[in-house]
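Chemist: Sharing query_37.cif (mmCIF, C-alpha atoms) below.
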```cif
data_my_file
loop_
_atom_site.label_atom_id
_atom_site.label_comp_id
_atom_site.auth_asym_id
_atom_site.auth_seq_id
_atom_site.Cartn_x
_atom_site.Cartn_y
_atom_site.Cartn_z
CA MET A 1 52.17 174.22 151.67
CA SER A 2 55.07 174.10 154.12
CA ARG A 3 57.85 171.55 153.98
CA ASN A 4 56.75 169.94 157.25
CA THR A 5 53.22 169.49 155.90
CA LYS A 6 54.55 167.80 152.76
CA ASP A 7 56.77 165.52 154.87
CA ASN A 8 53.82 164.56 157.07
CA ILE A 9 51.63 163.79 154.04
CA ILE A 10 54.31 161.60 152.46
CA LYS A 11 54.91 159.86 155.78
CA ALA A 12 51.17 159.21 156.16
CA ILE A 13 51.03 157.70 152.65
CA ILE A 14 54.01 155.46 153.45
CA TYR A 15 52.49 154.25 156.72
CA PHE A 16 49.09 153.71 155.05
CA SER A 17 50.68 151.66 152.26
CA ALA A 18 52.60 149.52 154.74
CA PHE A 19 49.56 148.84 156.93
CA LEU A 20 47.44 148.17 153.84
CA CYS A 21 49.84 145.45 152.68
CA VAL A 22 49.85 143.85 156.13
CA GLY A 23 46.08 144.20 156.39
CA VAL A 24 45.48 142.46 153.06
CA LEU A 25 47.78 139.60 154.09
CA VAL A 26 46.11 139.19 157.49
CA TRP A 27 42.62 139.37 155.95
CA LEU A 28 43.47 136.78 153.28
CA ILE A 29 45.03 134.33 155.73
CA THR A 30 42.25 134.80 158.29
CA PHE A 31 39.49 134.34 155.70
CA VAL A 32 40.90 131.08 154.34
CA VAL A 33 42.03 129.64 157.67
CA LEU A 34 38.74 130.33 159.48
CA LYS A 35 36.83 128.53 156.72
CA GLY A 36 39.33 125.69 156.47
CA LEU A 37 40.19 124.90 160.10
CA PRO A 38 36.78 123.37 161.00
CA HIS A 39 37.31 120.77 158.27
CA LEU A 40 40.89 119.89 159.22
CA SER A 41 41.51 116.68 161.10
CA LEU A 42 44.10 113.95 161.42
CA GLY A 43 42.07 111.77 159.08
CA PHE A 44 41.97 114.54 156.47
CA LEU A 45 45.78 114.62 156.47
CA THR A 46 46.40 110.87 156.58
CA GLN A 47 43.61 109.26 154.53
CA ASP A 48 43.45 108.62 150.80
CA TYR A 49 41.19 110.71 148.59
CA ASN A 50 38.13 108.95 147.19
CA PRO A 51 36.35 109.70 143.89
CA ASP A 52 33.13 110.40 145.81
CA ASN A 53 34.85 113.46 147.35
CA THR A 54 35.47 111.87 150.74
CA GLY A 55 38.67 110.96 152.52
CA GLY A 56 41.77 113.08 152.85
CA ILE A 57 44.75 114.57 151.05
CA PHE A 58 47.54 112.16 151.97
CA PRO A 59 48.36 111.23 148.33
CA MET A 60 48.55 114.94 147.46
CA ILE A 61 50.94 115.58 150.35
CA VAL A 62 53.20 112.71 149.22
CA THR A 63 53.12 113.92 145.60
CA THR A 64 54.02 117.45 146.71
CA LEU A 65 56.94 116.15 148.81
CA TYR A 66 58.21 114.05 145.89
CA LEU A 67 58.00 117.06 143.60
CA ILE A 68 59.81 119.34 146.06
CA ALA A 69 62.64 116.88 146.73
CA THR A 70 63.21 116.04 143.06
CA SER A 71 63.08 119.63 141.77
CA ILE A 72 65.40 120.91 144.51
CA LEU A 73 67.89 118.10 143.83
CA ILE A 74 67.93 119.10 140.15
CA ALA A 75 67.98 122.89 140.50
CA THR A 76 70.19 123.46 143.56
CA PRO A 77 73.55 122.24 142.16
CA ILE A 78 72.98 124.00 138.82
CA GLY A 79 71.91 127.24 140.51
CA ILE A 80 74.75 127.31 143.04
CA PHE A 81 77.46 126.45 140.50
CA SER A 82 76.07 129.08 138.11
CA ALA A 83 76.16 131.71 140.85
CA ILE A 84 79.75 130.76 141.78
CA TYR A 85 80.80 131.04 138.14
CA LEU A 86 79.16 134.45 137.72
CA THR A 87 80.64 135.91 140.91
CA GLU A 88 84.05 134.27 141.16
CA TYR A 89 85.22 133.17 137.71
CA ALA A 90 83.37 135.00 134.94
CA LYS A 91 84.87 138.11 133.38
CA GLN A 92 82.41 140.82 132.42
CA GLY A 93 81.61 140.38 128.76
CA LYS A 94 79.10 139.07 126.27
CA LEU A 95 78.88 135.60 127.81
CA VAL A 96 78.04 136.95 131.26
CA SER A 97 75.52 139.35 129.74
CA VAL A 98 73.84 136.47 127.93
CA ILE A 99 73.68 134.37 131.10
CA ARG A 100 72.22 137.22 133.15
CA PHE A 101 69.72 138.03 130.41
CA ALA A 102 68.67 134.38 130.28
CA THR A 103 68.24 134.29 134.06
CA GLU A 104 66.13 137.44 134.07
CA SER A 105 64.04 136.12 131.18
CA LEU A 106 63.35 132.85 133.00
CA SER A 107 61.93 134.71 135.98
CA GLY A 108 59.53 136.67 133.76
CA ILE A 109 57.99 133.81 131.76
CA PRO A 110 54.38 132.98 132.77
CA SER A 111 54.04 129.68 134.60
CA ILE A 112 51.52 128.33 132.10
CA ILE A 113 54.21 128.58 129.41
CA TYR A 114 56.48 126.45 131.59
CA GLY A 115 53.69 123.93 131.95
CA LEU A 116 53.13 123.79 128.19
CA PHE A 117 56.88 123.39 127.59
CA GLY A 118 57.10 120.64 130.21
CA MET A 119 54.21 118.74 128.67
CA LEU A 120 55.55 119.00 125.11
CA PHE A 121 59.24 118.41 125.87
CA PHE A 122 59.51 116.22 128.96
CA VAL A 123 56.21 114.34 128.69
CA THR A 124 55.99 113.91 124.90
CA THR A 125 59.46 114.32 123.38
CA LEU A 126 61.48 112.64 126.15
CA LYS A 127 58.61 110.18 126.74
CA MET A 128 58.55 110.62 130.51
CA GLY A 129 54.78 110.51 130.45
CA PHE A 130 52.66 112.44 132.94
CA SER A 131 54.91 112.03 135.94
CA ILE A 132 56.36 113.76 138.96
CA MET A 133 59.78 113.66 137.30
CA ALA A 134 58.47 115.61 134.29
CA GLY A 135 56.93 118.17 136.63
CA ALA A 136 60.10 118.40 138.72
CA ALA A 137 62.23 118.99 135.62
CA THR A 138 59.82 121.74 134.58
CA VAL A 139 59.67 123.42 137.98
CA SER A 140 63.44 123.21 138.45
CA ILE A 141 63.83 125.55 135.46
CA MET A 142 61.40 127.97 137.09
CA ILE A 143 63.23 128.17 140.41
CA LEU A 144 66.71 128.56 138.91
CA PRO A 145 66.53 132.40 138.84
CA THR A 146 65.67 132.49 142.57
CA ILE A 147 68.55 130.20 143.51
CA ILE A 148 71.07 131.92 141.22
CA ARG A 149 70.23 135.49 142.22
CA THR A 150 69.99 134.86 145.95
CA THR A 151 73.18 132.79 145.97
CA GLU A 152 74.98 135.48 143.97
CA GLU A 153 74.05 138.14 146.51
CA ALA A 154 75.08 135.87 149.37
CA ILE A 155 78.50 135.24 147.81
CA LYS A 156 79.01 138.94 147.02
CA ALA A 157 78.24 139.75 150.67
CA VAL A 158 81.25 137.70 151.85
CA PRO A 159 84.00 140.22 152.71
CA ARG A 160 86.89 140.32 150.24
CA SER A 161 89.31 140.11 153.17
CA TYR A 162 88.18 136.50 153.76
CA ARG A 163 89.32 135.53 150.27
CA GLU A 164 92.55 137.51 150.51
CA GLY A 165 93.41 136.00 153.89
CA SER A 166 92.82 132.46 152.64
CA LEU A 167 94.86 133.01 149.48
CA ALA A 168 97.66 134.65 151.50
CA LEU A 169 97.90 131.49 153.63
CA GLY A 170 98.56 129.44 150.50
CA ALA A 171 95.10 128.06 149.78
CA THR A 172 94.06 127.68 146.16
CA LYS A 173 91.09 129.55 144.77
CA LEU A 174 88.97 126.41 144.70
CA ARG A 175 89.87 125.56 148.31
CA THR A 176 89.07 129.14 149.31
CA LEU A 177 85.66 128.82 147.70
CA VAL A 178 84.89 125.47 149.31
CA ARG A 179 86.27 126.20 152.79
CA VAL A 180 85.72 129.95 153.18
CA VAL A 181 83.36 131.61 150.70
CA VAL A 182 80.58 129.02 150.45
CA PRO A 183 80.33 128.36 154.22
CA SER A 184 80.16 132.12 154.83
CA ALA A 185 77.42 132.44 152.21
CA LEU A 186 75.51 129.40 153.52
CA PRO A 187 72.69 131.39 155.20
CA GLY A 188 71.85 133.07 151.90
CA ILE A 189 72.08 129.77 149.99
CA ILE A 190 69.68 128.08 152.42
CA THR A 191 67.34 131.04 152.08
CA ALA A 192 67.37 130.58 148.30
CA ILE A 193 66.52 126.89 148.63
CA LEU A 194 63.69 127.46 151.10
CA LEU A 195 62.22 130.25 148.97
CA SER A 196 62.33 127.88 146.02
CA VAL A 197 60.48 125.25 148.06
CA GLY A 198 57.74 127.80 148.73
CA ARG A 199 57.54 128.53 145.01
CA VAL A 200 57.20 124.84 144.15
CA ILE A 201 54.44 124.33 146.71
CA GLY A 202 52.41 127.23 145.37
CA GLU A 203 52.71 126.46 141.65
CA THR A 204 49.68 125.12 139.79
CA ALA A 205 49.81 125.82 136.04
CA ALA A 206 53.40 124.63 135.60
CA ILE A 207 52.60 121.38 137.43
CA TYR A 208 49.10 120.67 136.16
CA LEU A 209 50.17 119.91 132.58
CA PRO A 210 53.33 117.75 133.00
CA VAL A 211 52.38 115.91 136.22
CA GLY A 212 48.69 115.23 135.60
CA THR A 213 45.81 114.99 138.06
CA HIS A 214 45.91 111.38 139.22
CA TYR A 215 44.51 111.35 142.77
CA LYS A 216 46.02 108.07 144.01
CA LEU A 217 49.23 107.61 145.99
CA PRO A 218 52.25 107.75 143.64
CA GLN A 219 54.50 104.70 143.60
CA SER A 220 57.60 106.57 142.42
CA VAL A 221 58.70 109.83 140.81
CA MET A 222 57.77 108.32 137.44
CA SER A 223 54.12 108.07 138.49
CA SER A 224 51.50 110.67 137.78
CA GLY A 225 50.06 112.53 140.74
CA ARG A 226 48.20 115.52 142.05
CA THR A 227 49.90 118.13 144.22
CA LEU A 228 48.14 120.12 146.92
CA SER A 229 47.87 123.23 144.75
CA VAL A 230 46.46 121.28 141.78
CA HIS A 231 44.04 119.47 144.07
CA LEU A 232 42.85 122.81 145.44
CA TYR A 233 42.41 124.13 141.90
CA ILE A 234 40.35 121.13 140.82
CA LEU A 235 38.14 121.22 143.91
CA ALA A 236 37.43 124.93 143.50
CA LYS A 237 37.13 125.02 139.70
CA GLU A 238 34.70 122.15 139.44
CA GLY A 239 32.80 123.10 142.59
CA ILE A 240 33.35 119.62 143.98
CA SER A 241 33.75 120.53 147.62
CA PHE A 242 34.49 124.05 148.82
CA GLU A 243 34.95 122.72 152.36
CA MET A 244 37.79 120.45 151.21
CA ALA A 245 39.14 123.27 149.05
CA PHE A 246 39.36 125.65 152.02
CA ALA A 247 40.89 122.92 154.18
CA THR A 248 43.51 122.20 151.50
CA GLY A 249 44.15 125.94 151.15
CA THR A 250 44.67 126.17 154.90
CA VAL A 251 47.28 123.40 154.74
CA LEU A 252 49.05 125.23 151.91
CA ILE A 253 49.04 128.58 153.71
CA LEU A 254 50.27 127.11 156.99
CA THR A 255 53.02 125.19 155.17
CA ILE A 256 54.26 128.30 153.37
CA LEU A 257 54.14 130.33 156.60
CA VAL A 258 56.22 127.66 158.35
CA ILE A 259 58.75 127.72 155.50
CA ASN A 260 59.01 131.53 155.68
CA PHE A 261 59.51 131.49 159.45
CA LEU A 262 62.03 128.67 159.10
CA THR A 263 63.90 130.68 156.48
CA ARG A 264 64.19 133.67 158.80
CA PHE A 265 65.17 131.50 161.75
CA LEU A 266 67.90 129.58 159.92
CA GLU A 267 69.24 132.74 158.31
CA LYS A 268 69.64 134.42 161.71
CA LYS A 269 70.93 131.27 163.38
CA LEU A 270 73.58 130.57 160.75
CA SER A 271 74.57 134.23 160.54
CA VAL A 272 75.14 134.39 164.29
CA GLY A 273 76.86 131.00 164.32
CA GLY A 274 79.19 131.99 161.50
CA ARG A 275 80.49 135.09 163.26
#
```
Written as structure tokens, that's how I'd like the structure from this file.
Modeler:
Amino acid sequence: MSRNTKDNIIKAIIYFSAFLCVGVLVWLITFVVLKGLPHLSLGFLTQDYNPDNTGGIFPMIVTTLYLIATSILIATPIGIFSAIYLTEYAKQGKLVSVIRFATESLSGIPSIIYGLFGMLFFVTTLKMGFSIMAGAATVSIMILPTIIRTTEEAIKAVPRSYREGSLALGATKLRTLVRVVVPSALPGIITAILLSVGRVIGETAAIYLPVGTHYKLPQSVMSSGRTLSVHLYILAKEGISFEMAFATGTVLILTILVINFLTRFLEKKLSVGGR
């Protein structure tokens, strides 16, 4: 077999793999959206859910928004400061190795284990009860690796000349970080946050146990609730209403697609604006 033939075969496999991935994504989205769109309406998005399987998903949307806001507020400062420490202050040694190992381990733990931990520690031990706050504390641990890693790469991508120029002008290291490094790495940091939002929206097992399944509108972050993903799981698992399940799935898919497009848009916009 000639070299050109081998190259063509490998190229064909590469193209086939790429189109297969895109095809699976398009098929999955099309299948769910086509079954869910006929059941979507303004009332479905704005009405309360009723025990007789009528109404809408407004309480689930509010619960999901509460969960996103609370978990991001908890995880973002910790993740960003950890990334700054690892890239700008930490010297390579045992401590850094332990931190990186812990970060990698967090990203590999199954989500159901997080849910079990959240229920036993935040709900039972800290007596938060089944609440959005308990779920947010649980999910914030899950999204830390995404924020830390992405922020690290964004900070490392800032040219060293920026730091040297700032320090040469008499700025302190902290001022250089705040005024030069972090603003330059902002597109990557925003990408990390938005990716984490997508992760929170799509989680089920880690939320199901500490938050609960209460279907009414939550009064505060200390109330129990039911997120969109948990609501979809319950509807599908118990066979309550596949029409509502597909409609809820459509809302989830469209939300995640919007977040992904927004991530790309902001990343490009901020990158161009920062130059």
Chemist: Can you tell me, as a ChimeraX atom specification, what residues are no more than 10 Å from Tyr215 of chain A when counting all atoms listed in the file, ignoring any on the same chain fewer than 3 positions away?
Modeler: /A:48-51,57-60,63,212,218,224-227,231
Chemist: Go ahead and save the residues from that selection, with C-alpha atoms, as a JSON list (two decimals), in the coordinates of the input.
Modeler:
```json
[["chain", "number", "residue", "atom", "x", "y", "z"],
["A", 48, "ASP", "CA", 43.45, 108.62, 150.80],
["A", 49, "TYR", "CA", 41.19, 110.71, 148.59],
["A", 50, "ASN", "CA", 38.13, 108.95, 147.19],
["A", 51, "PRO", "CA", 36.35, 109.70, 143.89],
["A", 57, "ILE", "CA", 44.75, 114.57, 151.05],
["A", 58, "PHE", "CA", 47.54, 112.16, 151.97],
["A", 59, "PRO", "CA", 48.36, 111.23, 148.33],
["A", 60, "MET", "CA", 48.55, 114.94, 147.46],
["A", 63, "THR", "CA", 53.12, 113.92, 145.60],
["A", 212, "GLY", "CA", 48.69, 115.23, 135.60],
["A", 218, "PRO", "CA", 52.25, 107.75, 143.64],
["A", 224, "SER", "CA", 51.50, 110.67, 137.78],
["A", 225, "GLY", "CA", 50.06, 112.53, 140.74],
["A", 226, "ARG", "CA", 48.20, 115.52, 142.05],
["A", 227, "THR", "CA", 49.90, 118.13, 144.22],
["A", 231, "HIS", "CA", 44.04, 119.47, 144.07]]
```
Chemist: I'd like the neighbourhood of segment 105-122 of chain A as JSON, numbers by chain, where a residue qualifies if any of its atoms comes within 10 Å (using all atoms listed in the file), though same-chain residues fewer than 2 positions away should be ignored.
Modeler: {"A": [99, 100, 101, 102, 103, 124, 125, 126, 127, 128, 129, 130, 131, 133, 134, 135, 136, 137, 138, 139, 141, 142, 143, 144, 145, 146, 203, 204, 205, 206, 207, 208, 209, 210, 211, 212]}
Chemist: Please identify all polymer residues within 12 Å of segment 41-43 of chain A, counting all atoms listed in the file, omitting same-chain residues fewer than 3 positions from it, and present them as JSON, numbers by chain.
Modeler: {"A": [36, 37, 38, 46, 47, 48, 49, 54, 55, 56, 57, 58, 244, 247, 248, 250, 251]}
Chemist: Apply the PyMOL selection byres ((chain A and resi 180) around 12) to the structure shown and report the selected residues as a PyMOL selection string.
Modeler: chain A and resi 155+158-167+171-179+181-186+274
Chemist: For the PyMOL selection byres ((chain A and resi 190) around 12), applied here, can you spell out every residue it catches as a ChimeraX atom specification?
Modeler: /A:72,76,80,146-148,150-151,154,182-189,191-197,259-260,262-271
Chemist: Report as a list in words the full result of the PyMOL selection byres ((chain A and resi 68) around 8) when it is applied to this structure.
Modeler: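 In the shown coordinates, the PyMOL selection byres ((chain A and resi 68) around 8) covers Thr64, Leu65, Tyr66, Leu67, Ala69, Thr70, Ser71, Ile72, Ala136, Val197, Val200 and Ile201 of chain A.
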Chemist: Emit as AutoDock Vina command-line options the padded axis-aligned box for all listed atoms of segment 248-255 of chain A, 8 Å per side, with centre and edge lengths in Å to one decimal.
Modeler:
```
--center_x 48.3 --center_y 125.4 --center_z 154.1 --size_x 25.5 --size_y 22.4 --size_z 21.8
```
Chemist: Please indicate the distance in Å from atom CA of Val26 of chain A to atom CA of Ile14 of chain A, rounded to one decimal place.
Modeler: 18.5 Å
Chemist: State, in Å with one decimal place, the distance from atom CA of Arg199 of chain A to atom CA of Leu228 of chain A.
Modeler: 12.8 Å
Chemist: What is the atom CA of Val32 of chain A to atom CA of Leu254 of chain A distance in Å?
Modeler: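 Computed distance, atom CA of Val32 of chain A to atom CA of Leu254 of chain A, equals 10.5 Å.
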Chemist: Neighbours of Ser241 of chain A within 8 Å (only C-alpha atoms; same-chain residues fewer than 5 positions away dropped), as a count of residues only?
Modeler: 3
Chemist: I'd like to know which of A:Val258, A:Ile132, A:Gly93, A:His39 is closest to Ser223 of chain A, using all atoms listed in the file.
Modeler: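 That would be A:Ile132, the residue with the smallest distance to Ser223 of chain A.
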Chemist: Just the residues within 8 Å of Glu152 of chain A, please, counting all atoms listed in the file, with nothing from its chain fewer than 5 positions along; format it as a count of residues only.
Modeler: 4
Chemist: Of the candidates A:His214, A:Lys91, A:Lys35, A:Lys11, which one gets nearest to Gly249 of chain A if we count all atoms listed in the file?
Modeler: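 Closest to Gly249 of chain A of all the choices is A:Lys35.
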